[in-house]
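Quick look at work22.cif (mmCIF, C-alpha atoms):
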```cif
data_protein
loop_
_atom_site.group_PDB
_atom_site.id
_atom_site.type_symbol
_atom_site.label_atom_id
_atom_site.label_comp_id
_atom_site.auth_asym_id
_atom_site.auth_seq_id
_atom_site.Cartn_x
_atom_site.Cartn_y
_atom_site.Cartn_z
ATOM 1 C CA MET A 1 -110.354 -28.547 34.333
ATOM 2 C CA ALA A 2 -110.513 -26.947 30.884
ATOM 3 C CA ALA A 3 -110.903 -23.183 30.608
ATOM 4 C CA SER A 4 -114.411 -23.538 29.157
ATOM 5 C CA ASP A 5 -115.396 -25.781 32.072
ATOM 6 C CA ALA A 6 -114.135 -23.186 34.539
ATOM 7 C CA VAL A 7 -116.590 -20.715 33.044
ATOM 8 C CA ASP A 8 -119.562 -23.024 32.582
ATOM 9 C CA ASN A 9 -119.361 -24.384 36.126
ATOM 10 C CA PHE A 10 -119.702 -20.860 37.467
ATOM 11 C CA THR A 11 -122.697 -20.822 39.808
ATOM 12 C CA ASN A 12 -124.300 -17.529 38.870
ATOM 13 C CA ASP A 13 -125.615 -18.202 35.350
ATOM 14 C CA SER A 14 -127.055 -14.714 35.097
ATOM 15 C CA ALA A 15 -123.521 -13.305 35.358
ATOM 16 C CA MET A 16 -122.576 -15.202 32.192
ATOM 17 C CA MET A 17 -125.645 -13.834 30.414
ATOM 18 C CA ILE A 18 -124.736 -10.294 31.426
ATOM 19 C CA ALA A 19 -121.142 -10.874 30.302
ATOM 20 C CA TRP A 20 -122.368 -12.076 26.895
ATOM 21 C CA GLU A 21 -124.538 -9.012 26.493
ATOM 22 C CA ARG A 22 -121.653 -6.747 27.462
ATOM 23 C CA ALA A 23 -119.546 -8.508 24.837
ATOM 24 C CA LEU A 24 -122.210 -7.897 22.179
ATOM 25 C CA GLU A 25 -122.293 -4.200 23.018
ATOM 26 C CA SER A 26 -118.507 -3.991 22.921
ATOM 27 C CA LYS A 27 -118.491 -5.146 19.280
ATOM 28 C CA ARG A 28 -120.830 -2.418 18.068
ATOM 29 C CA PRO A 29 -119.281 0.478 16.126
ATOM 30 C CA ASP A 30 -121.277 2.835 18.358
ATOM 31 C CA ALA A 31 -120.574 0.923 21.583
ATOM 32 C CA LEU A 32 -121.496 2.666 24.822
ATOM 33 C CA PHE A 33 -118.430 1.009 26.416
ATOM 34 C CA VAL A 34 -115.805 -1.594 25.535
ATOM 35 C CA ASP A 35 -115.291 -4.600 27.794
ATOM 36 C CA PRO A 36 -112.450 -6.719 26.354
ATOM 37 C CA LEU A 37 -112.885 -9.403 29.036
ATOM 38 C CA ALA A 38 -116.619 -9.976 28.666
ATOM 39 C CA GLU A 39 -116.657 -12.550 25.872
ATOM 40 C CA ALA A 40 -114.354 -14.939 27.735
ATOM 41 C CA LEU A 41 -116.490 -14.601 30.867
ATOM 42 C CA ALA A 42 -119.681 -15.552 29.023
ATOM 43 C CA GLY A 43 -118.616 -19.172 28.509
ATOM 44 C CA THR A 44 -120.817 -21.335 26.305
ATOM 45 C CA LYS A 45 -123.969 -20.561 28.300
ATOM 46 C CA GLY A 46 -124.109 -16.793 28.016
ATOM 47 C CA GLU A 47 -125.518 -16.597 24.501
ATOM 48 C CA THR A 48 -128.180 -19.248 25.163
ATOM 49 C CA LEU A 49 -129.270 -17.641 28.408
ATOM 50 C CA SER A 50 -129.518 -14.248 26.729
ATOM 51 C CA ALA A 51 -131.700 -15.614 23.933
ATOM 52 C CA GLY A 52 -134.004 -17.252 26.463
ATOM 53 C CA PHE A 53 -134.417 -14.031 28.396
ATOM 54 C CA GLY A 54 -135.235 -12.200 25.183
ATOM 55 C CA ASN A 55 -138.189 -14.533 24.716
ATOM 56 C CA MET A 56 -139.729 -13.080 27.892
ATOM 57 C CA SER A 57 -140.024 -9.576 26.476
ATOM 58 C CA GLN A 58 -143.831 -9.505 26.660
ATOM 59 C CA MET A 59 -143.768 -10.317 30.388
ATOM 60 C CA PHE A 60 -141.762 -7.133 30.955
ATOM 61 C CA GLY A 61 -144.033 -5.003 28.809
ATOM 62 C CA PHE A 62 -141.792 -5.012 25.711
ATOM 63 C CA GLU A 63 -143.847 -6.999 23.216
ATOM 64 C CA ASP A 64 -141.836 -8.131 20.170
ATOM 65 C CA TRP A 65 -138.655 -6.469 21.408
ATOM 66 C CA ALA A 66 -136.410 -9.496 21.904
ATOM 67 C CA ALA A 67 -133.343 -7.285 22.337
ATOM 68 C CA PHE A 68 -134.813 -5.425 25.320
ATOM 69 C CA HIS A 69 -132.503 -6.999 27.886
ATOM 70 C CA LYS A 70 -129.378 -6.658 25.742
ATOM 71 C CA THR A 71 -130.230 -2.974 25.416
ATOM 72 C CA TRP A 72 -130.889 -2.667 29.137
ATOM 73 C CA VAL A 73 -127.509 -4.193 30.010
ATOM 74 C CA ALA A 74 -125.736 -1.790 27.651
ATOM 75 C CA VAL A 75 -127.591 1.200 29.120
ATOM 76 C CA ARG A 76 -127.197 0.211 32.776
ATOM 77 C CA THR A 77 -123.497 -0.566 32.323
ATOM 78 C CA ARG A 78 -122.847 2.829 30.762
ATOM 79 C CA PHE A 79 -124.966 4.546 33.426
ATOM 80 C CA ILE A 80 -122.879 3.040 36.224
ATOM 81 C CA ASP A 81 -119.614 3.656 34.356
ATOM 82 C CA ASP A 82 -120.533 7.337 34.188
ATOM 83 C CA ARG A 83 -121.388 7.492 37.885
ATOM 84 C CA VAL A 84 -118.051 5.850 38.752
ATOM 85 C CA LYS A 85 -116.147 8.348 36.603
ATOM 86 C CA GLU A 86 -118.006 11.231 38.258
ATOM 87 C CA CYS A 87 -117.125 10.005 41.752
ATOM 88 C CA ALA A 88 -113.598 8.705 41.205
ATOM 89 C CA CYS A 89 -111.853 11.999 41.926
ATOM 90 C CA GLY A 90 -113.599 12.352 45.294
ATOM 91 C CA PHE A 91 -113.330 8.860 46.786
ATOM 92 C CA LYS A 92 -110.540 6.471 47.641
ATOM 93 C CA GLN A 93 -112.664 3.317 47.869
ATOM 94 C CA LEU A 94 -115.531 1.592 46.107
ATOM 95 C CA VAL A 95 -117.741 -1.275 47.273
ATOM 96 C CA ASN A 96 -119.312 -3.433 44.557
ATOM 97 C CA LEU A 97 -122.222 -5.406 46.010
ATOM 98 C CA GLY A 98 -122.999 -8.631 44.159
ATOM 99 C CA ALA A 99 -119.951 -8.117 41.939
ATOM 100 C CA GLY A 100 -120.425 -11.303 39.905
ATOM 101 C CA MET A 101 -118.487 -11.045 36.626
ATOM 102 C CA ASP A 102 -117.923 -7.292 36.859
ATOM 103 C CA THR A 103 -114.719 -6.105 35.146
ATOM 104 C CA ARG A 104 -114.698 -2.359 35.845
ATOM 105 C CA PRO A 105 -111.471 -2.367 37.912
ATOM 106 C CA TYR A 106 -109.730 -3.864 34.875
ATOM 107 C CA ARG A 107 -111.245 -1.778 32.069
ATOM 108 C CA LEU A 108 -111.834 1.695 33.572
ATOM 109 C CA GLU A 109 -108.686 3.728 34.137
ATOM 110 C CA CYS A 110 -110.516 5.986 36.580
ATOM 111 C CA TYR A 111 -110.218 3.159 39.131
ATOM 112 C CA LYS A 112 -106.633 4.345 39.643
ATOM 113 C CA ALA A 113 -108.167 6.988 41.916
ATOM 114 C CA PHE A 114 -109.442 4.341 44.359
ATOM 115 C CA ALA A 115 -106.266 4.083 46.437
ATOM 116 C CA ASN A 116 -107.920 1.821 49.019
ATOM 117 C CA GLY A 117 -109.276 -0.301 46.194
ATOM 118 C CA SER A 118 -112.448 -1.918 44.958
ATOM 119 C CA PHE A 119 -114.134 -4.234 47.450
ATOM 120 C CA ASN A 120 -115.908 -6.878 45.373
ATOM 121 C CA VAL A 121 -118.579 -8.514 47.513
ATOM 122 C CA ASP A 122 -120.391 -11.721 46.591
ATOM 123 C CA MET A 123 -121.082 -15.248 47.803
ATOM 124 C CA LYS A 124 -118.032 -17.455 48.318
ATOM 125 C CA VAL A 125 -119.068 -19.923 45.624
ATOM 126 C CA VAL A 126 -119.400 -17.050 43.127
ATOM 127 C CA ASN A 127 -116.054 -15.556 44.107
ATOM 128 C CA ASP A 128 -114.360 -18.969 43.896
ATOM 129 C CA GLY A 129 -115.665 -19.432 40.359
ATOM 130 C CA LYS A 130 -114.655 -15.958 39.282
ATOM 131 C CA ALA A 131 -111.149 -16.407 40.704
ATOM 132 C CA ARG A 132 -110.654 -19.597 38.685
ATOM 133 C CA ILE A 133 -111.854 -17.896 35.509
ATOM 134 C CA PHE A 134 -109.629 -14.848 35.977
ATOM 135 C CA GLU A 135 -106.621 -17.098 36.571
ATOM 136 C CA ARG A 136 -107.180 -19.858 34.006
ATOM 137 C CA VAL A 137 -109.110 -18.133 31.238
ATOM 138 C CA LEU A 138 -108.018 -14.508 31.448
ATOM 139 C CA GLN A 139 -104.469 -15.159 32.652
ATOM 140 C CA ALA A 140 -104.716 -12.889 35.705
ATOM 141 C CA PRO A 141 -105.182 -9.473 34.068
ATOM 142 C CA ALA A 142 -103.852 -6.422 35.900
ATOM 143 C CA ALA A 143 -106.340 -4.149 37.645
ATOM 144 C CA HIS A 144 -106.119 -0.359 37.887
ATOM 145 C CA CYS A 145 -106.445 -0.467 41.679
ATOM 146 C CA PRO A 146 -106.254 -3.024 44.497
ATOM 147 C CA VAL A 147 -109.149 -5.490 44.217
ATOM 148 C CA HIS A 148 -110.306 -6.971 47.510
ATOM 149 C CA ARG A 149 -112.358 -10.142 47.475
ATOM 150 C CA VAL A 150 -115.110 -10.177 50.105
ATOM 151 C CA ASP A 151 -117.131 -13.373 50.626
ATOM 152 C CA LEU A 152 -120.637 -12.639 51.901
ATOM 153 C CA ASP A 153 -124.078 -14.167 51.522
ATOM 154 C CA PHE A 154 -126.284 -11.085 51.680
ATOM 155 C CA LYS A 155 -129.078 -13.088 53.314
ATOM 156 C CA ASP A 156 -126.854 -14.316 56.158
ATOM 157 C CA GLU A 157 -128.291 -12.891 59.374
ATOM 158 C CA GLU A 158 -125.010 -13.130 61.277
ATOM 159 C CA ARG A 159 -122.563 -11.701 58.736
ATOM 160 C CA THR A 160 -122.737 -8.196 57.275
ATOM 161 C CA LEU A 161 -120.554 -5.676 55.476
ATOM 162 C CA ALA A 162 -119.534 -4.439 58.924
ATOM 163 C CA THR A 163 -118.135 -7.863 59.840
ATOM 164 C CA GLU A 164 -116.615 -8.760 56.471
ATOM 165 C CA LEU A 165 -115.139 -5.701 54.707
ATOM 166 C CA GLY A 166 -112.004 -5.910 56.810
ATOM 167 C CA SER A 167 -109.302 -3.484 57.857
ATOM 168 C CA ASP A 168 -108.437 -2.340 54.324
ATOM 169 C CA PHE A 169 -111.787 -0.543 54.202
ATOM 170 C CA ASP A 170 -111.681 2.863 55.885
ATOM 171 C CA ALA A 171 -115.062 3.187 57.614
ATOM 172 C CA ALA A 172 -114.360 6.842 58.423
ATOM 173 C CA ALA A 173 -113.917 7.803 54.760
ATOM 174 C CA PRO A 174 -116.733 8.182 52.217
ATOM 175 C CA ALA A 175 -117.112 5.430 49.644
ATOM 176 C CA LEU A 176 -118.973 4.735 46.448
ATOM 177 C CA PHE A 177 -121.374 1.805 46.905
ATOM 178 C CA ILE A 178 -122.782 0.050 43.819
ATOM 179 C CA ALA A 179 -125.577 -2.538 43.862
ATOM 180 C CA GLU A 180 -126.178 -3.726 40.294
ATOM 181 C CA GLY A 181 -128.585 -6.597 39.623
ATOM 182 C CA LEU A 182 -128.695 -7.631 43.279
ATOM 183 C CA ILE A 183 -131.475 -6.333 45.501
ATOM 184 C CA MET A 184 -134.271 -7.889 43.438
ATOM 185 C CA TYR A 185 -132.976 -11.365 44.389
ATOM 186 C CA LEU A 186 -132.919 -10.865 48.161
ATOM 187 C CA GLY A 187 -136.610 -11.057 49.101
ATOM 188 C CA ALA A 188 -138.669 -8.943 51.472
ATOM 189 C CA LEU A 189 -136.285 -9.179 54.433
ATOM 190 C CA GLY A 190 -133.040 -9.380 52.487
ATOM 191 C CA LYS A 191 -133.605 -6.180 50.550
ATOM 192 C CA ILE A 192 -134.026 -4.156 53.753
ATOM 193 C CA LYS A 193 -131.005 -5.869 55.323
ATOM 194 C CA LEU A 194 -128.914 -4.796 52.322
ATOM 195 C CA LEU A 195 -129.936 -1.158 52.723
ATOM 196 C CA LYS A 196 -129.120 -1.293 56.434
ATOM 197 C CA ASP A 197 -125.775 -3.036 55.833
ATOM 198 C CA VAL A 198 -124.698 -0.388 53.337
ATOM 199 C CA SER A 199 -125.871 2.442 55.565
ATOM 200 C CA ALA A 200 -123.946 1.040 58.535
ATOM 201 C CA MET A 201 -120.665 1.331 56.601
ATOM 202 C CA ALA A 202 -121.339 4.537 54.655
ATOM 203 C CA ALA A 203 -119.539 7.562 56.071
ATOM 204 C CA PRO A 204 -121.055 11.010 55.454
ATOM 205 C CA GLY A 205 -120.684 12.022 51.821
ATOM 206 C CA SER A 206 -120.785 8.452 50.519
ATOM 207 C CA VAL A 207 -122.727 7.799 47.313
ATOM 208 C CA PHE A 208 -125.049 4.832 46.763
ATOM 209 C CA VAL A 209 -125.890 3.715 43.226
ATOM 210 C CA LEU A 210 -128.771 1.248 43.547
ATOM 211 C CA GLN A 211 -130.358 -0.610 40.656
ATOM 212 C CA TYR A 212 -133.767 -1.935 41.647
ATOM 213 C CA MET A 213 -137.038 -3.268 40.261
ATOM 214 C CA ASP A 214 -140.109 -1.086 40.728
ATOM 215 C CA ALA A 215 -143.145 -3.289 40.148
ATOM 216 C CA SER A 216 -145.703 -0.615 40.979
ATOM 217 C CA GLU A 217 -146.571 -0.121 37.299
ATOM 218 C CA SER A 218 -146.686 -3.827 36.389
ATOM 219 C CA GLU A 219 -150.038 -5.589 36.443
ATOM 220 C CA VAL A 220 -148.243 -8.909 35.871
ATOM 221 C CA ALA A 221 -146.092 -8.408 38.975
ATOM 222 C CA LYS A 222 -149.064 -7.328 41.062
ATOM 223 C CA SER A 223 -150.863 -10.547 40.175
ATOM 224 C CA THR A 224 -147.831 -12.788 40.795
ATOM 225 C CA PRO A 225 -147.511 -14.056 44.374
ATOM 226 C CA GLY A 226 -144.192 -13.065 45.877
ATOM 227 C CA ALA A 227 -143.131 -10.775 43.028
ATOM 228 C CA LEU A 228 -143.511 -7.646 45.115
ATOM 229 C CA ASP A 229 -141.270 -9.117 47.828
ATOM 230 C CA ASN A 230 -138.319 -8.561 45.512
ATOM 231 C CA ALA A 231 -139.381 -5.113 44.361
ATOM 232 C CA LEU A 232 -139.063 -1.556 45.651
ATOM 233 C CA SER A 233 -141.194 1.349 44.601
ATOM 234 C CA LYS A 234 -139.743 4.840 44.316
ATOM 235 C CA GLU A 235 -141.715 5.708 47.441
ATOM 236 C CA ASP A 236 -140.373 2.638 49.300
ATOM 237 C CA ALA A 237 -136.793 3.464 48.376
ATOM 238 C CA THR A 238 -137.158 7.097 49.379
ATOM 239 C CA ARG A 239 -138.753 6.231 52.730
ATOM 240 C CA GLU A 240 -136.317 3.478 53.702
ATOM 241 C CA LEU A 241 -133.186 5.301 52.615
ATOM 242 C CA THR A 242 -134.261 8.616 54.156
ATOM 243 C CA GLU A 243 -134.731 6.860 57.495
ATOM 244 C CA LEU A 244 -131.232 5.401 57.101
ATOM 245 C CA GLY A 245 -129.654 8.800 56.578
ATOM 246 C CA TRP A 246 -129.550 9.285 52.796
ATOM 247 C CA THR A 247 -130.571 12.378 50.844
ATOM 248 C CA ASP A 248 -130.357 14.123 47.430
ATOM 249 C CA PHE A 249 -132.215 11.333 45.640
ATOM 250 C CA GLU A 250 -132.035 11.020 41.865
ATOM 251 C CA PHE A 251 -134.324 8.418 40.290
ATOM 252 C CA SER A 252 -134.116 7.145 36.732
ATOM 253 C CA LYS A 253 -135.966 4.445 34.819
ATOM 254 C CA PHE A 254 -135.157 2.651 31.579
ATOM 255 C CA GLY A 255 -136.150 4.905 28.707
ATOM 256 C CA ASP A 256 -136.078 8.258 30.430
ATOM 257 C CA GLU A 257 -133.498 10.940 29.646
ATOM 258 C CA ARG A 258 -130.691 9.540 31.813
ATOM 259 C CA LEU A 259 -131.330 5.852 31.042
ATOM 260 C CA ASP A 260 -131.689 6.016 27.276
ATOM 261 C CA PHE A 261 -128.406 6.810 25.467
ATOM 262 C CA ALA A 262 -130.426 6.887 22.233
ATOM 263 C CA ARG A 263 -131.082 3.142 22.488
ATOM 264 C CA PHE A 264 -134.595 2.952 23.953
ATOM 265 C CA PRO A 265 -137.449 2.840 21.397
ATOM 266 C CA THR A 266 -139.433 5.700 22.909
ATOM 267 C CA GLY A 267 -141.931 5.623 20.043
ATOM 268 C CA ARG A 268 -142.959 2.076 20.956
ATOM 269 C CA PHE A 269 -142.818 1.913 24.756
ATOM 270 C CA PRO A 270 -143.029 4.249 27.735
ATOM 271 C CA PRO A 271 -140.099 4.286 30.189
ATOM 272 C CA SER A 272 -140.086 1.156 32.341
ATOM 273 C CA ALA A 273 -139.969 1.403 36.131
ATOM 274 C CA ALA A 274 -139.126 -2.315 36.317
ATOM 275 C CA PHE A 275 -135.579 -1.291 35.389
ATOM 276 C CA SER A 276 -134.758 1.596 37.702
ATOM 277 C CA PHE A 277 -131.885 3.334 39.465
ATOM 278 C CA CYS A 278 -131.658 5.412 42.604
ATOM 279 C CA VAL A 279 -128.553 7.496 43.277
ATOM 280 C CA CYS A 280 -128.292 9.157 46.686
ATOM 281 C CA ILE A 281 -125.795 10.719 49.081
ATOM 282 C CA ARG A 282 -125.157 9.963 52.745
ATOM 283 C CA ARG A 283 -126.117 12.989 54.829
ATOM 284 C CA GLU A 284 -123.258 15.042 56.229
ATOM 285 C CA ASP A 285 -124.952 15.296 59.628
ATOM 286 C CA ILE A 286 -124.883 11.523 60.169
ATOM 287 C CA ASN A 287 -122.483 10.916 63.045
ATOM 288 C CA ALA A 288 -120.433 7.925 64.150
ATOM 289 C CA GLU A 289 -122.955 7.022 66.866
ATOM 290 C CA VAL A 290 -125.738 6.569 64.308
ATOM 291 C CA CYS A 291 -123.492 4.383 62.141
ATOM 292 C CA GLU A 292 -122.505 2.315 65.162
ATOM 293 C CA ASP A 293 -126.182 1.760 66.035
ATOM 294 C CA LEU A 294 -126.818 0.595 62.474
ATOM 295 C CA CYS A 295 -123.822 -1.737 62.654
ATOM 296 C CA HIS A 296 -125.142 -3.375 65.810
ATOM 297 C CA GLY A 297 -128.648 -3.483 64.375
ATOM 298 C CA SER A 298 -127.566 -5.217 61.169
ATOM 299 C CA ARG A 299 -125.429 -7.694 63.105
ATOM 300 C CA SER A 300 -128.411 -8.692 65.231
ATOM 301 C CA ALA A 301 -131.036 -8.494 62.440
#
```
Represent the structure contained in this file as structure tokens.
Amino acid sequence: MAASDAVDNFTNDSAMMIAWERALESKRPDALFVDPLAEALAGTKGETLSAGFGNMSQMFGFEDWAAFHKTWVAVRTRFIDDRVKECACGFKQLVNLGAGMDTRPYRLECYKAFANGSFNVDMKVVNDGKARIFERVLQAPAAHCPVHRVDLDFKDEERTLATELGSDFDAAAPALFIAEGLIMYLGALGKIKLLKDVSAMAAPGSVFVLQYMDASESEVAKSTPGALDNALSKEDATRELTELGWTDFEFSKFGDERLDFARFPTGRFPPSAAFSFCVCIRREDINAEVCEDLCHGSRSA
């Protein structure tokens, strides 16, 4: 199989689009980050997929702003990079949920702090494709920390983070959990299962960085059957995560002060809740018994 075929046969097309958009950002003189691996990961599909998504700008409330998604990817990538750098000195492990084509363990030196490593969780078919690309296209680049592959279909009712993270993950130690571009694809039941799965494995002091889609301000979403199944409102996220033992919530949406980086055209559009983040901390008073109950609950969900 040729190197280009290894990329283009990769199941998760959206990952190639995101990689292409990260590559575009990396070439800017004022780049918010530099990802030297992104262009190879985009294959021949990434550019086409990105252009097609840009044509949907009006549906997302960004009329005549074809670059809206390229800008969003640049902003969200930098936002998460900054959160990782903030947390690196206090954690020895990171769990990347729906890791796709993520390259942070290879491009961010702060990953050296994660002595237990980065646990990259995704479906087996996605992980198989990524492994081929990293070996055949990228020639097995060196990571800054151990990288653990974890195969998991997030909708699987029998398998959870508790059953699949393995012995390398220290369940008694706090961890940084990242869910980027994932929860909005899991549906009404799957999105709650994800929150429960993470909570079952999050020791007190853990941090959860959750990107989600808030459709509460979108008339298009409200009129589209099923659209709200994939969405969370700020109120939904606060309620569900509070019940699961999280606190100190910080919410941001594309275009506000923390999700701008001088890239969002504030004179043309208001901040968009459809592209949102929640960052929260696992309560210190959560004990092992509560976590064990969540583990059993998510296994039997």
Neighbouring residues of A:Ser216 were defined as those with any atom within 10 Å, considering all atoms listed in the file; residues of the same chain fewer than 5 positions away were excluded. Please report them as a PDB file with C-alpha atoms, in the coordinates of the input.
```pdb
ATOM      1  CA  ALA A 221    -146.092  -8.408  38.975  1.00  0.00           C
ATOM      2  CA  LYS A 222    -149.064  -7.328  41.062  1.00  0.00           C
ATOM      3  CA  LEU A 228    -143.511  -7.646  45.115  1.00  0.00           C
ATOM      4  CA  ALA A 231    -139.381  -5.113  44.361  1.00  0.00           C
ATOM      5  CA  LEU A 232    -139.063  -1.556  45.651  1.00  0.00           C
ATOM      6  CA  SER A 233    -141.194   1.349  44.601  1.00  0.00           C
ATOM      7  CA  LYS A 234    -139.743   4.840  44.316  1.00  0.00           C
ATOM      8  CA  GLU A 235    -141.715   5.708  47.441  1.00  0.00           C
ATOM      9  CA  ALA A 273    -139.969   1.403  36.131  1.00  0.00           C
ATOM     10  CA  ALA A 274    -139.126  -2.315  36.317  1.00  0.00           C
TER      11      ALA A 274
END
```
task: Step by step, work through what the PyMOL selection byres ((chain A and resi 116) around 7) selects in the shown file, and finish by giving those residues as an MDAnalysis selection string.
output: chainID A and resid 92:93 114:115 117 146 168:169
- request: Might you spell out which residues the PyMOL selection byres ((chain A and resi 253) around 8) would select in the displayed file, as a list in words?
  value: Phe251, Ser252, Phe254, Gly255, Asp256, Arg258, Leu259, Pro271, Ser272, Ala273, Ala274, Phe275, Ser276 and Phe277 of chain A
- request: Show me as a PyMOL selection string the residues that reach within 6 Å of (-128.5, 0.4, 43.2), counting only C-alpha atoms and using the file's own coordinates.
  value: chain A and resi 178-180+209-212+277-278
query: Using the chain letters and numbers from the file, which residues does the PyMOL selection byres ((chain A and resi 77-81) around 8) grab, as JSON, numbers by chain?
result: {"A": [32, 33, 73, 74, 75, 76, 82, 83, 84, 85, 104, 209, 258, 259]}
query: Using all atoms listed in the file, which of the listed residues (A:Lys196, A:Ser206, A:Leu41, A:Glu21) sits closest to A:Ala67?
result: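 Selected residue with least distance to A:Ala67: A:Glu21.
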Could you put an axis-aligned box around every listed atom of stretch 75-90 of chain A, padded by 4 Å on each side, and send me its centre and edge lengths in Å to one decimal, as JSON?
```
{"center_x": -119.7, "center_y": 5.9, "center_z": 37.2, "size_x": 23.7, "size_y": 20.9, "size_z": 24.2}
```
field: Test item: residues at most 10 Å from A:Thr103, all atoms listed in the file, excluding those fewer than 4 positions along its chain, as a count of residues only
entry: 10
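You can rank A:Val34, A:Asp260, A:Lys191, A:Leu176 by their closest distance to A:Glu240 using all atoms listed in the file, and at the top of that list sits A:Lys191.
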query: If we count all atoms listed in the file, what is near A:Gly98 at a cut-off of 12 Å, once residues fewer than 3 positions away on the same chain are taken out, given as JSON, numbers by chain?
result: {"A": [12, 14, 15, 95, 101, 102, 119, 120, 121, 122, 123, 124, 126, 127, 149, 150, 151, 152, 153, 154, 155, 161, 177, 178, 179, 180, 181, 182, 183, 184, 185, 186, 194, 210, 211]}
message: If I take atom CA of A:Gly226 and atom CA of A:Lys193, how far is one from the other in Å, to one decimal?
response: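 Spanning atom CA of A:Gly226 to atom CA of A:Lys193 is a straight-line distance of 17.7 Å.
When atom CA of A:Gly100 is paired with atom CA of A:Gly52, their separation reads 20.0 Å.
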Gap from atom CA of A:Tyr111 to atom CA of A:Val125 - Å, one decimal: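 These atoms are spaced 25.6 Å apart.
Counting only C-alpha atoms and comparing A:Thr242, A:Ala188, A:Ser50, A:Thr44, the residue that lies closest to A:Leu24 is A:Ser50.
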